[in-house]
Amino acid sequence: MVAKLTQGFWAKTARIILRNRILILIGIAAITVFLGFQWEKMRFSNTQANLLPNDHPVNQEYQAFLERFGEEGNTIVMAISDSALFTPSKFERWNKLSKQLEAFPEVDFVLSTDNLQELVKDDNEEVFVLKPFLESTLETKVEVDSLVEHLLNDLPFYENLIYNKETKTIRTIMYMDQDIVNTAVRKDFILEDLANLVNDFEKETQMDVRVSGMPYIRTKNSQNIIDEIGKFIGAALAVTSLIFFFFFRSFRATFISMCIVIIGVMWAFGILGLLQYEITVLTALIPPLIIVIGIPNCIFLINKYQQEVKKHGNQALSLQRVISKIGNATLMTNVTTASGFATFIITDSKLLKEFGIVASINIIGIFILSLLIIPIVYSFMSLPKTKHLKHLNKRWIDRFVNWMENIVRERRIAVYIFSIALLVASIIGIYQIDISGSPIEDMPKKSSFFKDIRFFEKEFKGIMPVEIVVDAKRPRGILKPATLKRMDRLGQVIDDIPELSKPISVVNLVKYSKQAFYSGIPKYYQLPTAQENTFITDVARKSSNNANLLKSFVDSTGQVARITTYMRDVKTDRMEEIEEDLLKEIAKIFPEERYEVHMTGNALLFLKGTKYLVKNLVLSLALAIGLIALFMAYLFRSFRMIIISLIPNLLPLVITAGVMGFVGVPIKPSTILVFSIAFGISVDDTIHFLAKYRQELTANNWKIKKSVYAALRETGVSMFYTSIVLFFGFSVFIISNFGGTVALGALVSATLLFAMLANLTLLPSLLLSLEKSIANKETLKKPQIDILPKEELGNTSEDEDSTTS
């Protein structure tokens, strides 16, 4: 009953489309124009992707930290590691650069050798005062060398902050205005104003300036994403159009298909603007994905049209059958593909949820565009010429399909042995997969800003902040000697971990106060004794500068303090070891009844986010498999057919996971997408094959072998066509500068290739081996929907009436 209604629905749909051609084209044009106007609402992401939901405890702790101490990711650092800097003219030029930066309204404060302050004791007033480090213009190299030696040897407070004592690398730290650091203003300042100043400095001095910091990295990374969108769209159009033309040898068919996917891309950008979603490293993939996924729709529809024209030469009947007979099949396959993307919507990650919503909407959108535009445009054109139909008789494709058929006929046992061997090897590989929580691993390795990240890791132990928040549970409890000693002990633990930089906290300021109390002698840079603390505290309390210095390290109540360190880019397991070791030491040093201490910061936030994301994406993949299994159950109404249909689609996923383990590709936000995307696309071939198989069974009086081989020959060509387009289409992502995007393209391409081979060999082999248990009228009931309706032989006149009436 449902099958008849479905057939009736598609026949009616065909009539509506062909009778309202002009109106539909006007409607498509109107929607495209409307979505085109939404482009102005598109925004590129200005903040770092937060992979954790807002109500997650780790995220809440981080937000609480930001509210108390302000944005941690607002610093841009610049450094020079060149002895040529220590000449009067170049040192003066370096100091001038910091003055130029501080003049910009986007900059809150600059810390450099130009405005460095020394804490000294005024013996007359018995107070601490801040004295300029650079009191006058330096005219000789001797003066410069003397000042630099003073900085490196007498001011340990600034070590690892302004200088590296061993390499004599000098650094300037620029703090951006917290109100604009996560806005588009940041991009304009960094890419134009800052870039121009640095370029001018390098030209004048012939010295290389290294620039980094979280605002700088995010801006340069976002710009790379913007640059790659156009590159991906161009590459996807070029590759798919070449393959399409190679198959069809028709400029007309290729041009129509390209127009469809270009409109699909316009819709994709329009929907991003309409929903006001930011363009991130994931949503930037949607336009080229739409091209790659949309072309197979065009292949199916145009191929069917040309087959019908070749069969009977009636254009009206051919167009009617394109819609009524292929419309349902392409709808089913697009629904399964969209389902693979839609499962991301259930995750709590805003990043993935938006990607899933936009991708699934646009996949259905490109299906609708294909179904409407192809029949309508061809209805205005003359019938295809004989040369345009030659591709239907390509002998090399027939040879490929015959080779697959021969494998199924003669070497089924070999297929099973090979599949089991691959499965075992893949399981071994899976156990070698790592999880990556590095926020910079996917960044373009050849870019100058990535090389600068590595420079700062070498010189200053990294740029990814890790924050330890110490709550003394009582006002002014942080400045108690006992608390300071505990913080100092923890600081020593941090300093002993090679992947972490020297910590910065109120302890450093107190040590500096003691050094200042003893006339700036470096050996007194240490915590004061109980007796010394009384005198130093009295002096500090009288000093007006004390509150300003403290506010960077301690909150206004004196109850909560921060200890800041920076982490190198390390593997996830090592990052987790460091976290575990620090938490153990924190538990030893700070008794729970007296202190509340926790770790936060960008580095840990990304690590926790990645782990959370992986867990959510495993669930989304399981949901995708479950949804498609239910879909297959509804279509074929046979539990055994569900199992058989899932095996050739799950095996390629396992093989891909095994390959990831063997070649060292970690599980991370970009690569975990592979499985849901590939599964949603690869199952399309299975649906086509099983639908044709079910149709052949009824036509051949349930003769299994004949039906399997007929289905293989009939669907093998279309599987090959679409798989090749998808393989090369996803391969365009390999040209990306982002490691994650490269891995995504390579892995999806490989998975789809494995899936095609599995559907052409393993699936028919299973059907033949299990023929007695699955191929009978009781277990393989009539499907709810005829995906591929039987040709209505002898009723062509009825079709003609329906299209011409």
# chains A, B, ... in the order shown; residues from 1 in each chain; ligands from 1
call {"tool": "select_by_dssp", "arguments": {"residues": "segment 470-545 of chain A", "states": "strand (DSSP E or B)", "output": "PDB file with C-alpha atoms, in the first residue's frame"}}
result
ATOM      1  CA  VAL A 470      44.404  29.150  44.762  1.00  0.00           C
ATOM      2  CA  ASP A 471      41.529  30.096  47.086  1.00  0.00           C
ATOM      3  CA  LEU A 500      56.187  24.010  31.592  1.00  0.00           C
ATOM      4  CA  ILE A 504      54.465  33.726  37.515  1.00  0.00           C
TER       5      ILE A 504
END
call {"tool": "closest_atom_pairs", "arguments": {"of": "segment 368-476 of chain A", "to": "segment 699-706 of chain A", "cutoff": "12 Å", "atoms": "only C-alpha atoms", "output": "tab-separated table"}}
result
residue	atom	partner	partner_atom	distance
A:Glu405	CA	A:Lys705	CA	11.2
A:Val408	CA	A:Lys705	CA	10.5
A:Arg409	CA	A:Lys705	CA	9.2
call {"tool": "closest_residue", "arguments": {"among": "A:Leu763, A:Val654, A:Ile173, A:Ile667", "to": "Asp442 of chain A", "atoms": "only C-alpha atoms"}}
result
A:Ile667
call {"tool": "residues_around", "arguments": {"residues": "segment 192-197 of chain A", "least_positions_apart": "3", "cutoff": "9 Å", "atoms": "only C-alpha atoms", "output": "tab-separated table (two decimals) with N, CA and C atoms, in the first residue's frame"}}
result
chain	number	residue	atom	x	y	z
A	97	LEU	N	59.37	50.89	18.71
A	97	LEU	CA	58.28	50.00	18.28
A	97	LEU	C	57.24	49.83	19.38
A	100	GLN	N	55.12	52.93	19.59
A	100	GLN	CA	54.16	52.97	18.48
A	100	GLN	C	52.95	52.07	18.77
A	101	LEU	N	53.22	50.92	19.31
A	101	LEU	CA	52.14	49.98	19.62
A	101	LEU	C	51.21	50.54	20.70
A	104	PHE	N	48.14	52.85	19.93
A	104	PHE	CA	46.90	52.36	19.33
A	104	PHE	C	45.82	52.18	20.40
A	187	LYS	N	41.11	41.56	14.30
A	187	LYS	CA	41.63	41.11	13.00
A	187	LYS	C	42.24	42.28	12.22
A	188	ASP	N	41.52	43.38	12.15
A	188	ASP	CA	42.02	44.54	11.40
A	188	ASP	C	43.32	45.07	12.00
A	189	PHE	N	43.38	45.11	13.33
A	189	PHE	CA	44.58	45.62	14.00
A	189	PHE	C	45.78	44.72	13.73
A	200	ASP	N	57.86	47.33	8.82
A	200	ASP	CA	58.72	48.53	8.76
A	200	ASP	C	59.96	48.35	9.63
A	201	PHE	N	59.76	47.80	10.83
A	201	PHE	CA	60.88	47.57	11.73
A	201	PHE	C	61.91	46.62	11.10
A	202	GLU	N	61.42	45.52	10.51
A	202	GLU	CA	62.33	44.53	9.91
A	202	GLU	C	63.09	45.11	8.72
call {"tool": "closest_residue", "arguments": {"among": "A:Met176, A:Val466, A:Ile291, A:Ile440", "to": "Arg454 of chain A", "atoms": "only C-alpha atoms"}}
result
A:Ile440
call {"tool": "atom_distance", "arguments": {"atom1": "atom CA of Ile243 of chain A", "atom2": "atom CA of Phe727 of chain A"}}
result
10.8 Å
call {"tool": "residues_around", "arguments": {"residues": "Trp403 of chain A", "least_positions_apart": "5", "cutoff": "12 Å", "atoms": "only C-alpha atoms", "output": "JSON, numbers by chain"}}
result
{"A": [396, 397, 398, 408, 409, 410, 411, 709, 712, 713, 716, 757, 760, 761]}
call {"tool": "write_last_selection", "arguments": {"atoms": "N, CA, C and O atoms", "output": "PDB file, in the first residue's frame"}}
result
ATOM      1  N   TRP A 396      35.439  -0.318 -20.779  1.00  0.00           N
ATOM      2  CA  TRP A 396      36.358  -0.468 -19.644  1.00  0.00           C
ATOM      3  C   TRP A 396      35.598  -0.545 -18.323  1.00  0.00           C
ATOM      4  O   TRP A 396      36.022  -1.239 -17.404  1.00  0.00           O
ATOM      5  N   ILE A 397      34.451   0.158 -18.239  1.00  0.00           N
ATOM      6  CA  ILE A 397      33.645   0.045 -17.024  1.00  0.00           C
ATOM      7  C   ILE A 397      32.999  -1.340 -16.966  1.00  0.00           C
ATOM      8  O   ILE A 397      32.921  -1.953 -15.898  1.00  0.00           O
ATOM      9  N   ASP A 398      32.560  -1.818 -18.121  1.00  0.00           N
ATOM     10  CA  ASP A 398      32.006  -3.180 -18.159  1.00  0.00           C
ATOM     11  C   ASP A 398      33.052  -4.193 -17.715  1.00  0.00           C
ATOM     12  O   ASP A 398      32.731  -5.147 -17.005  1.00  0.00           O
ATOM     13  N   VAL A 408      33.261 -12.366  -7.199  1.00  0.00           N
ATOM     14  CA  VAL A 408      32.125 -12.866  -6.401  1.00  0.00           C
ATOM     15  C   VAL A 408      31.787 -14.310  -6.789  1.00  0.00           C
ATOM     16  O   VAL A 408      31.477 -15.148  -5.936  1.00  0.00           O
ATOM     17  N   ARG A 409      31.864 -14.632  -8.088  1.00  0.00           N
ATOM     18  CA  ARG A 409      31.530 -15.982  -8.559  1.00  0.00           C
ATOM     19  C   ARG A 409      32.567 -17.012  -8.119  1.00  0.00           C
ATOM     20  O   ARG A 409      32.224 -18.080  -7.624  1.00  0.00           O
ATOM     21  N   GLU A 410      33.849 -16.658  -8.319  1.00  0.00           N
ATOM     22  CA  GLU A 410      34.899 -17.663  -8.195  1.00  0.00           C
ATOM     23  C   GLU A 410      35.697 -17.593  -6.897  1.00  0.00           C
ATOM     24  O   GLU A 410      36.316 -18.578  -6.510  1.00  0.00           O
ATOM     25  N   ARG A 411      35.705 -16.435  -6.238  1.00  0.00           N
ATOM     26  CA  ARG A 411      36.656 -16.282  -5.127  1.00  0.00           C
ATOM     27  C   ARG A 411      35.990 -15.746  -3.869  1.00  0.00           C
ATOM     28  O   ARG A 411      36.537 -14.872  -3.198  1.00  0.00           O
ATOM     29  N   TYR A 709      23.773 -11.346  -9.447  1.00  0.00           N
ATOM     30  CA  TYR A 709      24.640 -10.932 -10.544  1.00  0.00           C
ATOM     31  C   TYR A 709      23.988  -9.827 -11.384  1.00  0.00           C
ATOM     32  O   TYR A 709      24.672  -8.905 -11.848  1.00  0.00           O
ATOM     33  N   LEU A 712      24.375  -6.695  -9.404  1.00  0.00           N
ATOM     34  CA  LEU A 712      25.769  -6.255  -9.424  1.00  0.00           C
ATOM     35  C   LEU A 712      26.103  -5.544 -10.735  1.00  0.00           C
ATOM     36  O   LEU A 712      26.729  -4.479 -10.745  1.00  0.00           O
ATOM     37  N   ARG A 713      25.663  -6.128 -11.849  1.00  0.00           N
ATOM     38  CA  ARG A 713      25.932  -5.503 -13.151  1.00  0.00           C
ATOM     39  C   ARG A 713      25.199  -4.172 -13.293  1.00  0.00           C
ATOM     40  O   ARG A 713      25.729  -3.220 -13.843  1.00  0.00           O
ATOM     41  N   GLY A 716      26.680  -1.700 -10.394  1.00  0.00           N
ATOM     42  CA  GLY A 716      28.138  -1.565 -10.339  1.00  0.00           C
ATOM     43  C   GLY A 716      28.639  -0.321 -11.031  1.00  0.00           C
ATOM     44  O   GLY A 716      29.540   0.362 -10.533  1.00  0.00           O
ATOM     45  N   LEU A 757      34.413  -1.037  -2.741  1.00  0.00           N
ATOM     46  CA  LEU A 757      34.903  -2.394  -2.981  1.00  0.00           C
ATOM     47  C   LEU A 757      34.151  -3.405  -2.118  1.00  0.00           C
ATOM     48  O   LEU A 757      33.839  -4.512  -2.577  1.00  0.00           O
ATOM     49  N   LEU A 760      30.753  -3.998  -3.621  1.00  0.00           N
ATOM     50  CA  LEU A 760      30.800  -4.712  -4.897  1.00  0.00           C
ATOM     51  C   LEU A 760      31.278  -6.161  -4.762  1.00  0.00           C
ATOM     52  O   LEU A 760      31.082  -6.961  -5.670  1.00  0.00           O
ATOM     53  N   THR A 761      31.933  -6.480  -3.648  1.00  0.00           N
ATOM     54  CA  THR A 761      32.445  -7.851  -3.481  1.00  0.00           C
ATOM     55  C   THR A 761      31.872  -8.533  -2.239  1.00  0.00           C
ATOM     56  O   THR A 761      31.278  -9.613  -2.333  1.00  0.00           O
TER      57      THR A 761
END
call {"tool": "closest_residue", "arguments": {"among": "A:Asn153, A:Asn164, A:Gln117, A:Ser379", "to": "Tyr525 of chain A", "atoms": "only C-alpha atoms"}}
result
A:Asn153
call {"tool": "residues_around", "arguments": {"residues": "segment 766-771 of chain A", "least_positions_apart": "6", "cutoff": "10 Å", "atoms": "only C-alpha atoms", "output": "PDB file with C-alpha atoms, in the first residue's frame"}}
result
ATOM      1  CA  VAL A 408      32.125 -12.866  -6.401  1.00  0.00           C
ATOM      2  CA  ARG A 409      31.530 -15.982  -8.559  1.00  0.00           C
ATOM      3  CA  ARG A 412      34.117 -15.779  -2.386  1.00  0.00           C
ATOM      4  CA  ILE A 413      36.264 -17.653   0.159  1.00  0.00           C
ATOM      5  CA  VAL A 415      36.967 -12.359  -0.192  1.00  0.00           C
ATOM      6  CA  TYR A 416      36.040 -13.595   3.305  1.00  0.00           C
ATOM      7  CA  ARG A 640      18.978 -10.354   8.497  1.00  0.00           C
ATOM      8  CA  MET A 641      19.115  -7.858   5.671  1.00  0.00           C
ATOM      9  CA  ILE A 644      24.120  -7.937   5.942  1.00  0.00           C
ATOM     10  CA  SER A 645      23.777  -4.300   4.868  1.00  0.00           C
ATOM     11  CA  ILE A 647      28.756  -5.355   7.518  1.00  0.00           C
ATOM     12  CA  PRO A 648      30.201  -3.910   4.237  1.00  0.00           C
ATOM     13  CA  LEU A 690      19.811  -4.119  -2.123  1.00  0.00           C
ATOM     14  CA  TYR A 693      18.521  -7.024  -5.689  1.00  0.00           C
ATOM     15  CA  LYS A 703      16.420 -17.111  -8.180  1.00  0.00           C
ATOM     16  CA  ILE A 704      19.165 -15.835  -5.926  1.00  0.00           C
ATOM     17  CA  LYS A 705      22.304 -16.133  -8.033  1.00  0.00           C
ATOM     18  CA  SER A 707      19.332 -11.764  -9.057  1.00  0.00           C
ATOM     19  CA  VAL A 708      22.638 -11.019  -7.307  1.00  0.00           C
ATOM     20  CA  TYR A 709      24.640 -10.932 -10.544  1.00  0.00           C
TER      21      TYR A 709
END
call {"tool": "closest_residue", "arguments": {"among": "A:Asn74, A:Gln315, A:Gln307, A:Thr337", "to": "Gly294 of chain A", "atoms": "only C-alpha atoms"}}
result
A:Thr337
call {"tool": "closest_residue", "arguments": {"among": "A:Ser519, A:Phe754, A:Ala425, A:Asp569", "to": "Glu457 of chain A", "atoms": "only C-alpha atoms"}}
result
A:Asp569
call {"tool": "atom_distance", "arguments": {"atom1": "atom CA of Phe65 of chain A", "atom2": "atom CA of Pro503 of chain A"}}
result
17.2 Å
call {"tool": "decode", "arguments": {"residues": "segment 744-775 of chain A", "atoms": "N, CA and C atoms", "output": "PDB file, in the first residue's frame"}}
result
ATOM      1  N   LEU A 744      41.190  14.605   7.202  1.00  0.00           N
ATOM      2  CA  LEU A 744      39.771  14.374   6.929  1.00  0.00           C
ATOM      3  C   LEU A 744      39.564  13.984   5.471  1.00  0.00           C
ATOM      4  N   GLY A 745      40.160  14.738   4.543  1.00  0.00           N
ATOM      5  CA  GLY A 745      40.002  14.434   3.121  1.00  0.00           C
ATOM      6  C   GLY A 745      40.559  13.078   2.750  1.00  0.00           C
ATOM      7  N   ALA A 746      41.778  12.786   3.215  1.00  0.00           N
ATOM      8  CA  ALA A 746      42.423  11.510   2.869  1.00  0.00           C
ATOM      9  C   ALA A 746      41.656  10.332   3.456  1.00  0.00           C
ATOM     10  N   LEU A 747      41.216  10.466   4.696  1.00  0.00           N
ATOM     11  CA  LEU A 747      40.550   9.346   5.370  1.00  0.00           C
ATOM     12  C   LEU A 747      39.151   9.084   4.812  1.00  0.00           C
ATOM     13  N   VAL A 748      38.388  10.156   4.533  1.00  0.00           N
ATOM     14  CA  VAL A 748      37.050   9.960   3.947  1.00  0.00           C
ATOM     15  C   VAL A 748      37.185   9.348   2.554  1.00  0.00           C
ATOM     16  N   SER A 749      38.140   9.842   1.759  1.00  0.00           N
ATOM     17  CA  SER A 749      38.358   9.293   0.417  1.00  0.00           C
ATOM     18  C   SER A 749      38.686   7.809   0.495  1.00  0.00           C
ATOM     19  N   ALA A 750      39.610   7.463   1.392  1.00  0.00           N
ATOM     20  CA  ALA A 750      40.008   6.059   1.534  1.00  0.00           C
ATOM     21  C   ALA A 750      38.843   5.201   2.008  1.00  0.00           C
ATOM     22  N   THR A 751      38.078   5.720   2.967  1.00  0.00           N
ATOM     23  CA  THR A 751      36.953   4.960   3.502  1.00  0.00           C
ATOM     24  C   THR A 751      35.906   4.694   2.428  1.00  0.00           C
ATOM     25  N   LEU A 752      35.611   5.704   1.615  1.00  0.00           N
ATOM     26  CA  LEU A 752      34.616   5.531   0.555  1.00  0.00           C
ATOM     27  C   LEU A 752      35.096   4.548  -0.511  1.00  0.00           C
ATOM     28  N   LEU A 753      36.407   4.552  -0.766  1.00  0.00           N
ATOM     29  CA  LEU A 753      36.958   3.574  -1.719  1.00  0.00           C
ATOM     30  C   LEU A 753      36.831   2.159  -1.165  1.00  0.00           C
ATOM     31  N   PHE A 754      37.176   1.995   0.127  1.00  0.00           N
ATOM     32  CA  PHE A 754      37.001   0.689   0.778  1.00  0.00           C
ATOM     33  C   PHE A 754      35.535   0.266   0.735  1.00  0.00           C
ATOM     34  N   ALA A 755      34.642   1.234   0.976  1.00  0.00           N
ATOM     35  CA  ALA A 755      33.206   0.927   1.014  1.00  0.00           C
ATOM     36  C   ALA A 755      32.705   0.487  -0.356  1.00  0.00           C
ATOM     37  N   MET A 756      33.173   1.146  -1.428  1.00  0.00           N
ATOM     38  CA  MET A 756      32.752   0.737  -2.775  1.00  0.00           C
ATOM     39  C   MET A 756      33.169  -0.706  -3.042  1.00  0.00           C
ATOM     40  N   LEU A 757      34.413  -1.037  -2.741  1.00  0.00           N
ATOM     41  CA  LEU A 757      34.903  -2.394  -2.981  1.00  0.00           C
ATOM     42  C   LEU A 757      34.151  -3.405  -2.118  1.00  0.00           C
ATOM     43  N   ALA A 758      33.841  -3.013  -0.878  1.00  0.00           N
ATOM     44  CA  ALA A 758      33.092  -3.924   0.004  1.00  0.00           C
ATOM     45  C   ALA A 758      31.685  -4.145  -0.525  1.00  0.00           C
ATOM     46  N   ASN A 759      31.055  -3.085  -1.037  1.00  0.00           N
ATOM     47  CA  ASN A 759      29.692  -3.224  -1.563  1.00  0.00           C
ATOM     48  C   ASN A 759      29.653  -3.997  -2.889  1.00  0.00           C
ATOM     49  N   LEU A 760      30.753  -3.998  -3.621  1.00  0.00           N
ATOM     50  CA  LEU A 760      30.800  -4.712  -4.897  1.00  0.00           C
ATOM     51  C   LEU A 760      31.278  -6.161  -4.762  1.00  0.00           C
ATOM     52  N   THR A 761      31.933  -6.480  -3.648  1.00  0.00           N
ATOM     53  CA  THR A 761      32.445  -7.851  -3.481  1.00  0.00           C
ATOM     54  C   THR A 761      31.872  -8.533  -2.239  1.00  0.00           C
ATOM     55  N   LEU A 762      32.043  -7.907  -1.076  1.00  0.00           N
ATOM     56  CA  LEU A 762      31.618  -8.556   0.163  1.00  0.00           C
ATOM     57  C   LEU A 762      30.102  -8.668   0.269  1.00  0.00           C
ATOM     58  N   LEU A 763      29.385  -7.602  -0.096  1.00  0.00           N
ATOM     59  CA  LEU A 763      27.919  -7.618   0.013  1.00  0.00           C
ATOM     60  C   LEU A 763      27.288  -8.702  -0.865  1.00  0.00           C
ATOM     61  N   PRO A 764      27.592  -8.768  -2.172  1.00  0.00           N
ATOM     62  CA  PRO A 764      27.005  -9.846  -2.972  1.00  0.00           C
ATOM     63  C   PRO A 764      27.477 -11.235  -2.532  1.00  0.00           C
ATOM     64  N   SER A 765      28.712 -11.331  -2.034  1.00  0.00           N
ATOM     65  CA  SER A 765      29.206 -12.625  -1.543  1.00  0.00           C
ATOM     66  C   SER A 765      28.381 -13.094  -0.360  1.00  0.00           C
ATOM     67  N   LEU A 766      28.076 -12.176   0.545  1.00  0.00           N
ATOM     68  CA  LEU A 766      27.253 -12.536   1.715  1.00  0.00           C
ATOM     69  C   LEU A 766      25.851 -12.961   1.281  1.00  0.00           C
ATOM     70  N   LEU A 767      25.293 -12.237   0.312  1.00  0.00           N
ATOM     71  CA  LEU A 767      23.952 -12.589  -0.164  1.00  0.00           C
ATOM     72  C   LEU A 767      23.937 -13.989  -0.775  1.00  0.00           C
ATOM     73  N   LEU A 768      24.973 -14.345  -1.509  1.00  0.00           N
ATOM     74  CA  LEU A 768      25.038 -15.669  -2.131  1.00  0.00           C
ATOM     75  C   LEU A 768      25.283 -16.758  -1.091  1.00  0.00           C
ATOM     76  N   SER A 769      26.146 -16.474  -0.109  1.00  0.00           N
ATOM     77  CA  SER A 769      26.465 -17.490   0.898  1.00  0.00           C
ATOM     78  C   SER A 769      25.308 -17.743   1.847  1.00  0.00           C
ATOM     79  N   LEU A 770      24.518 -16.700   2.081  1.00  0.00           N
ATOM     80  CA  LEU A 770      23.404 -16.839   3.039  1.00  0.00           C
ATOM     81  C   LEU A 770      22.063 -16.887   2.338  1.00  0.00           C
ATOM     82  N   GLU A 771      22.089 -17.332   1.062  1.00  0.00           N
ATOM     83  CA  GLU A 771      20.882 -17.263   0.242  1.00  0.00           C
ATOM     84  C   GLU A 771      19.702 -17.999   0.855  1.00  0.00           C
ATOM     85  N   LYS A 772      19.946 -19.158   1.449  1.00  0.00           N
ATOM     86  CA  LYS A 772      18.829 -19.980   1.934  1.00  0.00           C
ATOM     87  C   LYS A 772      18.144 -19.336   3.131  1.00  0.00           C
ATOM     88  N   SER A 773      18.910 -18.621   3.927  1.00  0.00           N
ATOM     89  CA  SER A 773      18.320 -18.049   5.142  1.00  0.00           C
ATOM     90  C   SER A 773      17.713 -16.673   4.932  1.00  0.00           C
ATOM     91  N   ILE A 774      18.056 -15.999   3.812  1.00  0.00           N
ATOM     92  CA  ILE A 774      17.513 -14.639   3.650  1.00  0.00           C
ATOM     93  C   ILE A 774      16.635 -14.471   2.420  1.00  0.00           C
ATOM     94  N   ALA A 775      16.875 -15.266   1.374  1.00  0.00           N
ATOM     95  CA  ALA A 775      16.174 -15.001   0.117  1.00  0.00           C
ATOM     96  C   ALA A 775      14.925 -15.854  -0.031  1.00  0.00           C
TER      97      ALA A 775
END
